[in-house]
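Asks: My file is work38.cif. It has mmCIF, C-alpha atoms and all ligand atoms:
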data_entry
loop_
_atom_site.label_atom_id
_atom_site.label_comp_id
_atom_site.auth_asym_id
_atom_site.auth_seq_id
_atom_site.Cartn_x
_atom_site.Cartn_y
_atom_site.Cartn_z
CA MET A 1 12.36 1.48 10.76
CA LEU A 2 12.09 -2.31 11.14
CA ARG A 3 9.65 -3.68 13.69
CA ILE A 4 9.37 -7.45 14.24
CA TYR A 5 6.22 -8.98 15.74
CA ASP A 6 5.65 -12.44 17.15
CA ASP A 7 3.00 -13.45 14.62
CA TYR A 8 0.63 -12.30 11.89
CA GLU A 9 -2.08 -11.23 14.33
CA GLU A 10 0.30 -9.03 16.31
CA LEU A 11 1.67 -7.59 13.05
CA SER A 12 -1.86 -6.82 11.88
CA ARG A 13 -2.76 -5.11 15.15
CA ALA A 14 0.41 -3.04 14.98
CA ALA A 15 -0.40 -1.96 11.42
CA ALA A 16 -3.93 -0.97 12.48
CA ASP A 17 -2.48 0.98 15.42
CA LEU A 18 -0.09 2.76 13.02
CA PHE A 19 -3.03 3.70 10.78
CA ILE A 20 -4.89 5.12 13.80
CA GLU A 21 -1.83 6.94 15.11
CA ARG A 22 -1.00 8.53 11.75
CA ALA A 23 -4.66 9.48 11.21
CA HIS A 24 -4.91 11.09 14.64
CA ASP A 25 -1.67 13.02 14.23
CA THR A 26 -2.58 14.17 10.70
CA LEU A 27 -6.06 15.33 11.67
CA GLU A 28 -4.72 17.45 14.51
CA ASN A 29 -3.48 19.92 11.89
CA ALA A 30 -5.24 18.97 8.66
CA SER A 31 -8.82 18.60 7.48
CA ARG A 32 -8.38 15.13 6.00
CA PHE A 33 -6.27 11.97 6.28
CA CYS A 34 -5.24 10.56 2.91
CA VAL A 35 -4.24 6.90 2.83
CA ALA A 36 -3.52 4.41 0.06
CA LEU A 37 -4.18 0.74 0.73
CA SER A 38 -2.27 -2.19 -0.69
CA GLY A 39 -3.89 -5.20 -2.27
CA GLY A 40 -2.87 -8.80 -1.61
CA GLU A 41 -3.59 -11.08 1.36
CA THR A 42 -1.22 -9.77 4.01
CA PRO A 43 -3.02 -6.52 4.93
CA LEU A 44 -6.53 -8.03 5.01
CA ARG A 45 -6.47 -8.76 8.77
CA THR A 46 -5.35 -5.17 9.38
CA TYR A 47 -8.29 -3.92 7.34
CA GLN A 48 -10.66 -6.22 9.25
CA LEU A 49 -9.39 -4.87 12.58
CA LEU A 50 -9.93 -1.31 11.38
CA ALA A 51 -13.53 -2.19 10.56
CA GLU A 52 -14.22 -3.65 14.02
CA HIS A 53 -14.79 -2.26 17.51
CA PRO A 54 -12.71 -0.98 19.25
CA LEU A 55 -10.00 0.01 16.74
CA GLY A 56 -12.37 1.18 14.02
CA ASP A 57 -14.12 3.50 16.49
CA ARG A 58 -10.90 5.45 16.85
CA VAL A 59 -10.77 6.57 13.21
CA ASP A 60 -12.51 9.73 11.98
CA TRP A 61 -13.81 8.06 8.81
CA ALA A 62 -15.68 11.20 7.75
CA ARG A 63 -12.30 12.90 7.28
CA THR A 64 -10.44 9.89 5.91
CA HIS A 65 -9.89 9.40 2.18
CA ILE A 66 -8.91 6.01 0.76
CA PHE A 67 -7.04 5.37 -2.48
CA PHE A 68 -5.43 2.15 -3.75
CA SER A 69 -1.71 1.74 -4.41
CA ASP A 70 -2.46 -0.58 -7.31
CA GLU A 71 -5.34 -2.35 -9.01
CA ARG A 72 -5.96 -5.14 -11.42
CA LEU A 73 -8.16 -4.04 -14.34
CA VAL A 74 -10.79 -6.69 -13.90
CA PRO A 75 -14.50 -5.97 -13.19
CA GLY A 76 -15.11 -4.21 -9.87
CA ASP A 77 -16.91 -7.30 -8.49
CA ASP A 78 -14.14 -9.71 -9.50
CA PRO A 79 -12.34 -11.24 -6.46
CA ARG A 80 -9.02 -10.43 -8.16
CA ASN A 81 -9.90 -6.72 -7.84
CA ASN A 82 -8.11 -5.24 -4.81
CA ALA A 83 -10.83 -2.69 -4.07
CA PHE A 84 -13.42 -5.50 -4.14
CA ASN A 85 -11.56 -7.49 -1.47
CA ILE A 86 -10.94 -4.41 0.67
CA ARG A 87 -14.60 -3.47 0.35
CA MET A 88 -15.62 -6.96 1.54
CA VAL A 89 -13.46 -6.93 4.68
CA MET A 90 -13.43 -3.22 5.54
CA LEU A 91 -15.12 -0.55 3.44
CA ASP A 92 -18.60 -2.06 3.61
CA HIS A 93 -18.31 -2.19 7.43
CA ILE A 94 -17.19 1.34 8.30
CA PRO A 95 -19.09 4.66 8.24
CA ILE A 96 -16.95 6.18 5.51
CA PRO A 97 -18.76 8.44 3.03
CA SER A 98 -18.77 6.84 -0.43
CA GLU A 99 -17.18 9.98 -1.90
CA ASN A 100 -14.17 9.37 0.37
CA VAL A 101 -13.31 6.10 -1.37
CA HIS A 102 -11.40 6.56 -4.64
CA PRO A 103 -11.07 3.29 -6.56
CA VAL A 104 -9.06 2.95 -9.74
CA PRO A 105 -11.54 3.20 -12.64
CA THR A 106 -11.98 -0.11 -14.47
CA GLY A 107 -13.88 -1.05 -17.62
CA MET A 108 -11.63 0.99 -19.90
CA PRO A 109 -8.22 0.58 -21.58
CA ALA A 110 -5.42 0.55 -19.00
CA MET A 111 -3.65 3.64 -20.37
CA ILE A 112 -6.89 5.61 -19.98
CA ALA A 113 -7.52 4.18 -16.51
CA ALA A 114 -4.02 5.18 -15.41
CA ASP A 115 -4.44 8.69 -16.83
CA ARG A 116 -7.89 8.96 -15.26
CA TYR A 117 -6.52 7.91 -11.84
CA GLU A 118 -3.68 10.41 -12.13
CA GLY A 119 -6.28 13.08 -12.92
CA MET A 120 -8.26 12.06 -9.82
CA LEU A 121 -5.09 12.45 -7.75
CA GLU A 122 -4.34 15.87 -9.28
CA ASP A 123 -7.87 17.04 -8.56
CA PHE A 124 -7.85 15.62 -5.03
CA PHE A 125 -4.53 17.26 -4.16
CA MET A 126 -5.72 20.46 -5.88
CA GLY A 127 -2.71 20.79 -8.13
CA PHE A 128 -0.20 20.39 -5.33
CA ALA A 129 2.21 17.45 -5.10
CA ALA A 130 0.22 14.36 -4.14
CA ARG A 131 1.55 13.61 -0.65
CA PHE A 132 -0.21 10.72 1.05
CA ASP A 133 -0.23 10.71 4.84
CA LEU A 134 0.20 6.93 4.80
CA ILE A 135 0.68 4.27 2.12
CA PHE A 136 0.45 0.57 2.97
CA LEU A 137 2.49 -1.74 0.73
CA GLY A 138 3.08 -5.47 0.47
CA LEU A 139 6.11 -7.41 -0.75
CA GLY A 140 5.93 -10.09 -3.41
CA THR A 141 8.18 -13.15 -3.22
CA GLU A 142 10.23 -11.83 -6.13
CA GLY A 143 10.52 -8.34 -4.66
CA HIS A 144 7.67 -6.47 -6.27
CA THR A 145 5.54 -3.95 -4.41
CA ALA A 146 2.29 -2.35 -5.51
CA SER A 147 2.45 -3.38 -9.17
CA LEU A 148 6.09 -2.40 -9.58
CA PHE A 149 7.58 -5.65 -10.87
CA PRO A 150 11.21 -6.47 -11.68
CA ASN A 151 12.54 -5.00 -14.93
CA THR A 152 9.29 -3.30 -15.95
CA PRO A 153 8.88 0.20 -17.41
CA ALA A 154 6.77 1.48 -14.48
CA LEU A 155 9.88 1.22 -12.28
CA GLU A 156 11.61 3.84 -14.42
CA GLU A 157 8.73 6.35 -14.36
CA GLU A 158 10.02 9.65 -12.94
CA ARG A 159 7.20 12.08 -13.69
CA HIS A 160 3.74 10.48 -13.74
CA TRP A 161 2.05 9.30 -10.55
CA THR A 162 0.41 6.25 -12.09
CA ALA A 163 1.37 3.72 -14.75
CA ASP A 164 -0.20 0.96 -16.81
CA VAL A 165 1.35 -2.47 -16.20
CA LEU A 166 0.95 -5.63 -18.27
CA LEU A 167 2.71 -8.79 -17.10
CA PRO A 168 3.25 -11.59 -19.64
CA GLN A 169 1.87 -14.13 -17.18
CA GLU A 170 -1.42 -12.29 -16.52
CA PRO A 171 -4.45 -11.86 -18.80
CA PHE A 172 -5.24 -8.44 -17.35
CA HIS A 173 -3.56 -5.05 -17.10
CA ARG A 174 -2.81 -3.33 -13.80
CA VAL A 175 -2.61 0.31 -12.75
CA THR A 176 0.02 1.15 -10.16
CA PHE A 177 1.30 4.04 -8.12
CA THR A 178 4.77 4.93 -9.39
CA PRO A 179 7.96 5.44 -7.33
CA PRO A 180 7.72 9.26 -7.48
CA LEU A 181 4.22 9.20 -6.03
CA ILE A 182 5.00 6.68 -3.30
CA ASN A 183 8.28 8.38 -2.35
CA GLN A 184 6.60 11.74 -1.72
CA ALA A 185 4.40 10.23 1.03
CA ALA A 186 4.69 11.26 4.68
CA ALA A 187 4.77 7.59 5.69
CA VAL A 188 5.08 4.26 3.88
CA ALA A 189 4.54 0.98 5.74
CA PHE A 190 5.42 -2.41 4.29
CA LEU A 191 3.53 -5.33 5.84
CA VAL A 192 5.39 -8.64 5.43
CA SER A 193 4.33 -11.95 6.95
CA GLY A 194 5.33 -15.59 6.73
CA LYS A 195 8.34 -17.82 6.16
CA ARG A 196 7.90 -17.73 2.39
CA LYS A 197 8.78 -14.01 2.42
CA SER A 198 11.89 -14.43 4.61
CA TRP A 199 14.38 -14.83 1.76
CA ILE A 200 13.12 -11.91 -0.30
CA LEU A 201 12.91 -9.70 2.78
CA GLN A 202 16.55 -10.47 3.57
CA SER A 203 17.55 -9.66 -0.02
CA VAL A 204 15.62 -6.38 -0.03
CA LEU A 205 16.82 -5.17 3.38
CA GLU A 206 20.32 -6.66 3.56
CA GLY A 207 21.29 -7.55 0.01
CA GLU A 208 22.89 -5.48 -2.70
CA THR A 209 20.94 -2.47 -3.89
CA ASP A 210 19.45 -3.32 -7.27
CA TYR A 211 15.96 -1.87 -7.57
CA ARG A 212 15.38 -3.29 -11.06
CA SER A 213 15.65 -6.79 -9.61
CA LEU A 214 14.23 -5.85 -6.22
CA PRO A 215 11.65 -3.12 -6.85
CA ALA A 216 10.76 -2.70 -3.17
CA GLN A 217 14.23 -1.14 -2.75
CA ILE A 218 13.15 1.86 -4.82
CA ILE A 219 10.74 2.87 -2.06
CA ARG A 220 12.60 5.49 -0.03
CA PRO A 221 10.34 8.37 1.06
CA ILE A 222 12.08 11.68 0.32
CA ASP A 223 10.68 13.41 3.39
CA GLY A 224 8.75 10.70 5.18
CA ASP A 225 8.90 7.68 7.43
CA LEU A 226 9.54 4.16 6.10
CA TYR A 227 8.24 1.31 8.25
CA TRP A 228 8.88 -2.39 7.77
CA LEU A 229 6.30 -4.20 9.90
CA VAL A 230 7.17 -7.89 9.73
CA ASP A 231 6.45 -11.01 11.73
CA ARG A 232 9.10 -13.33 13.17
CA GLU A 233 8.72 -15.89 10.39
CA ALA A 234 9.30 -13.28 7.69
CA ALA A 235 12.31 -11.96 9.66
CA GLY A 236 13.83 -15.44 9.91
CA GLN A 237 16.68 -14.81 7.45
CA LEU A 238 17.64 -11.32 8.63
CA THR A 239 21.16 -11.17 10.05
CA GLN A 240 21.41 -7.54 11.11
CA VAL A 241 18.69 -7.39 13.77
CA GLU A 242 19.18 -7.02 17.52
CA ASP A 243 17.25 -9.53 19.61
C1 LIG B 301 -1.28 -6.87 -5.65
C2 LIG B 301 -0.62 -6.25 -4.46
C3 LIG B 301 0.78 -6.73 -4.37
C4 LIG B 301 0.91 -7.42 -3.02
C5 LIG B 301 2.05 -8.39 -3.03
C6 LIG B 301 2.07 -9.21 -1.74
O1 LIG B 301 -2.19 -6.27 -6.21
O2 LIG B 301 -0.91 -8.00 -5.95
O3 LIG B 301 -0.73 -4.92 -4.37
O4 LIG B 301 1.78 -5.77 -4.49
O5 LIG B 301 1.07 -6.45 -2.01
O6 LIG B 301 1.88 -9.25 -4.15
O7 LIG B 301 0.86 -9.95 -1.73
P1 LIG B 301 0.48 -10.87 -0.45
O8 LIG B 301 0.27 -9.92 0.69
O9 LIG B 301 -0.78 -11.56 -0.88
O10 LIG B 301 1.63 -11.81 -0.22
#
Produce structure tokens that represent the structure in this file.
Ligand code: 6PG
Replies:
Amino acid sequence: MLRIYDDYEELSRAAADLFIERAHDTLENASRFCVALSGGETPLRTYQLLAEHPLGDRVDWARTHIFFSDERLVPGDDPRNNAFNIRMVMLDHIPIPSENVHPVPTGMPAMIAADRYEGMLEDFFMGFAARFDLIFLGLGTEGHTASLFPNTPALEEERHWTADVLLPQEPFHRVTFTPPLINQAAAVAFLVSGKRKSWILQSVLEGETDYRSLPAQIIRPIDGDLYWLVDREAAGQLTQVED
């Protein structure tokens, strides 16, 4: 479902409210709320709001588990590391037990890190299908999401839950959630903000289906909710929206 907000702040508040709503609903019937956070700039205000009063007070952090939908294999204190940035704005400011935060292991070859992370997911979900209660995702200006980039092998992965990614333009590897893992979630929420994303958002939502060129199109939860939380600037090129 597409929801359009006046500006970035309203979008961020709505995303924080969605997190709280999904956590509350999940914890009515389950013992834990399992969420995967996206890297990038867009979700940072959402994370900040979740670390502040009053919104953060409404989350049962003791029963919340946090994973990361992708990671750059740089040192854990490197500002390019997604978990580092999320720790700065959120994790270091909430009463979440350290054992409830599950970063992608770094400091090892990417293939091993990806396998290790998949093993952590298998252990966490106790051998059952890894079904996140909520996954936040961003959208790159060329249509990537998590670290699923156009015309890369990770897009074609149908069995494993994680993959090693190396982009020619980057000096580091990445580890990413794969489409099978993301698409078995109970809820996936894209957060998209700003005029510079308006053209790619229009292509992804209203253009031809071509997931190899537009990887975000491969995200279609099998038995879950798909949210597009966007601000008015990002929605500027959409033609099929009611006012
Ligand atoms: C990453 C992110 C990536 C991000 C998009 C959008 O590690 O780079 O996971 O998928 O969500 O690149 O990034 P912005 O929100 O900064 O535009």
Asks: For each of A:Thr64, A:Leu148, A:Arg212, A:Ala154, take the minimum atom-to-atom distance to A:Val35, counting all atoms listed in the file, then give the residue where this is smallest.
Replies: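 Of A:Thr64, A:Leu148, A:Arg212, A:Ala154, the one nearest A:Val35 is A:Thr64, counting all atoms listed in the file.
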Asks: Any idea what the distance is between atom CA of A:Phe68 and atom CA of A:Ser38?
Replies: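 Going from atom CA of A:Phe68 over to atom CA of A:Ser38 covers 6.2 Å.
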Asks: If you measure from atom CA of A:Ile182 to atom CA of A:Thr239, what distance in Å do you get, rounded to one decimal?
Replies: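 Distance between the two atoms: 27.5 Å.
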Asks: In file coordinates, which residues lie within 10 Å of (8.0, -14.7, 1.0) using only C-alpha atoms, given as JSON, numbers by chain?
Replies: {"A": [139, 140, 141, 142, 143, 192, 193, 194, 195, 196, 197, 198, 199, 200, 201, 202, 233, 234]}
Asks: Tell me, in Å to one decimal, how far atom CA of A:Met1 is from atom CA of A:Leu50.
Replies: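 It comes out at 22.5 Å.
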Asks: Extract, using only C-alpha atoms, all DNA, RNA and protein residues at most 9 Å from stretch 108-125 of chain A, discarding same-chain residues fewer than 2 positions from it, and format them as a compact mmCIF listing (two decimals) with C-alpha atoms, keeping the file's coordinate frame.
Replies:
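Below is the file that was written, part07.txt:
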# COMPACT_ATOMS: atom_id res chain seq x y z
CA LEU A 73 -8.16 -4.04 -14.34
CA HIS A 102 -11.40 6.56 -4.64
CA PRO A 103 -11.07 3.29 -6.56
CA VAL A 104 -9.06 2.95 -9.74
CA PRO A 105 -11.54 3.20 -12.64
CA THR A 106 -11.98 -0.11 -14.47
CA GLY A 127 -2.71 20.79 -8.13
CA PHE A 128 -0.20 20.39 -5.33
CA ALA A 129 2.21 17.45 -5.10
CA ALA A 130 0.22 14.36 -4.14
CA ARG A 131 1.55 13.61 -0.65
CA HIS A 160 3.74 10.48 -13.74
CA TRP A 161 2.05 9.30 -10.55
CA THR A 162 0.41 6.25 -12.09
CA ALA A 163 1.37 3.72 -14.75
CA ASP A 164 -0.20 0.96 -16.81
CA VAL A 165 1.35 -2.47 -16.20
CA LEU A 166 0.95 -5.63 -18.27
CA HIS A 173 -3.56 -5.05 -17.10
CA ARG A 174 -2.81 -3.33 -13.80
CA VAL A 175 -2.61 0.31 -12.75
CA THR A 176 0.02 1.15 -10.16
Asks: Taking a cut-off of 7 Å and counting all atoms listed in the file, can you build a table that, for each residue of chain A near ligand LIG 301 (chain B), reports the nearest atom pair and how far apart they are in Å (one decimal), sorted by chain then residue number, as a tab-separated table?
Replies:
residue	atom	partner	partner_atom	distance
A:Ser38	CA	B:LIG301	O3	4.8
A:Gly39	CA	B:LIG301	O3	3.8
A:Gly40	CA	B:LIG301	O9	3.5
A:Glu41	CA	B:LIG301	O9	3.6
A:Thr42	CA	B:LIG301	O8	3.6
A:Pro43	CA	B:LIG301	O8	6.4
A:Ser69	CA	B:LIG301	O3	6.7
A:Asp70	CA	B:LIG301	O3	5.5
A:Glu71	CA	B:LIG301	O1	5.8
A:Arg72	CA	B:LIG301	O1	6.5
A:Asn82	CA	B:LIG301	O1	6.2
A:Leu137	CA	B:LIG301	O5	5.6
A:Gly138	CA	B:LIG301	O5	3.3
A:Leu139	CA	B:LIG301	C6	4.5
A:Gly140	CA	B:LIG301	O6	4.2
A:His144	CA	B:LIG301	O4	6.2
A:Thr145	CA	B:LIG301	O4	4.2
A:Ala146	CA	B:LIG301	O4	3.6
A:Ser147	CA	B:LIG301	O4	5.3
Asks: List the spatial neighbours of stretch 224-231 of chain A as a list in words - criterion: any atom at most 7 Å away, only C-alpha atoms, same-chain residues fewer than 5 positions off excluded.
Replies: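 Residues near the query, excluding close chain neighbours: Met1, Leu2, Arg3, Ile4, Tyr5, Asp6, Asp7, Tyr8, Leu11, Ala185, Ala186, Ala187, Val188, Ala189, Phe190, Leu191, Val192, Ser193 and Gly194 of chain A.
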Asks: Of the candidates A:Arg232, A:Leu205, A:Tyr211, A:Leu238, which shows the shortest atom-to-atom distance to A:Glu10, using all atoms listed in the file?
Replies: A:Arg232
Asks: With distances taken over all atoms listed in the file, which of A:Val101, A:Ala62, A:Ile218, A:Leu91 is nearest to A:Ser31?
Replies: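 Nearest to A:Ser31: A:Ala62.
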Asks: Using all atoms listed in the file, which residue out of A:Leu167, A:Phe172, A:Val59, A:Arg87 lies closest to A:Asp25?
Replies: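 Of the candidates, the smallest distance to A:Asp25 is held by A:Val59.
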Asks: Counting all atoms listed in the file, find residues at most 9 Å from (-6.1, -1.5, 13.5) (file frame) and give them as a ChimeraX atom specification.
Replies: /A:12-20,45-52,54-56
Asks: Of the candidates A:Ile94, A:Ala83, A:Val74, A:Ile222, which one gets nearest to A:Pro171 if we count all atoms listed in the file?
Replies: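 Under the stated criterion, the closest residue is A:Val74.
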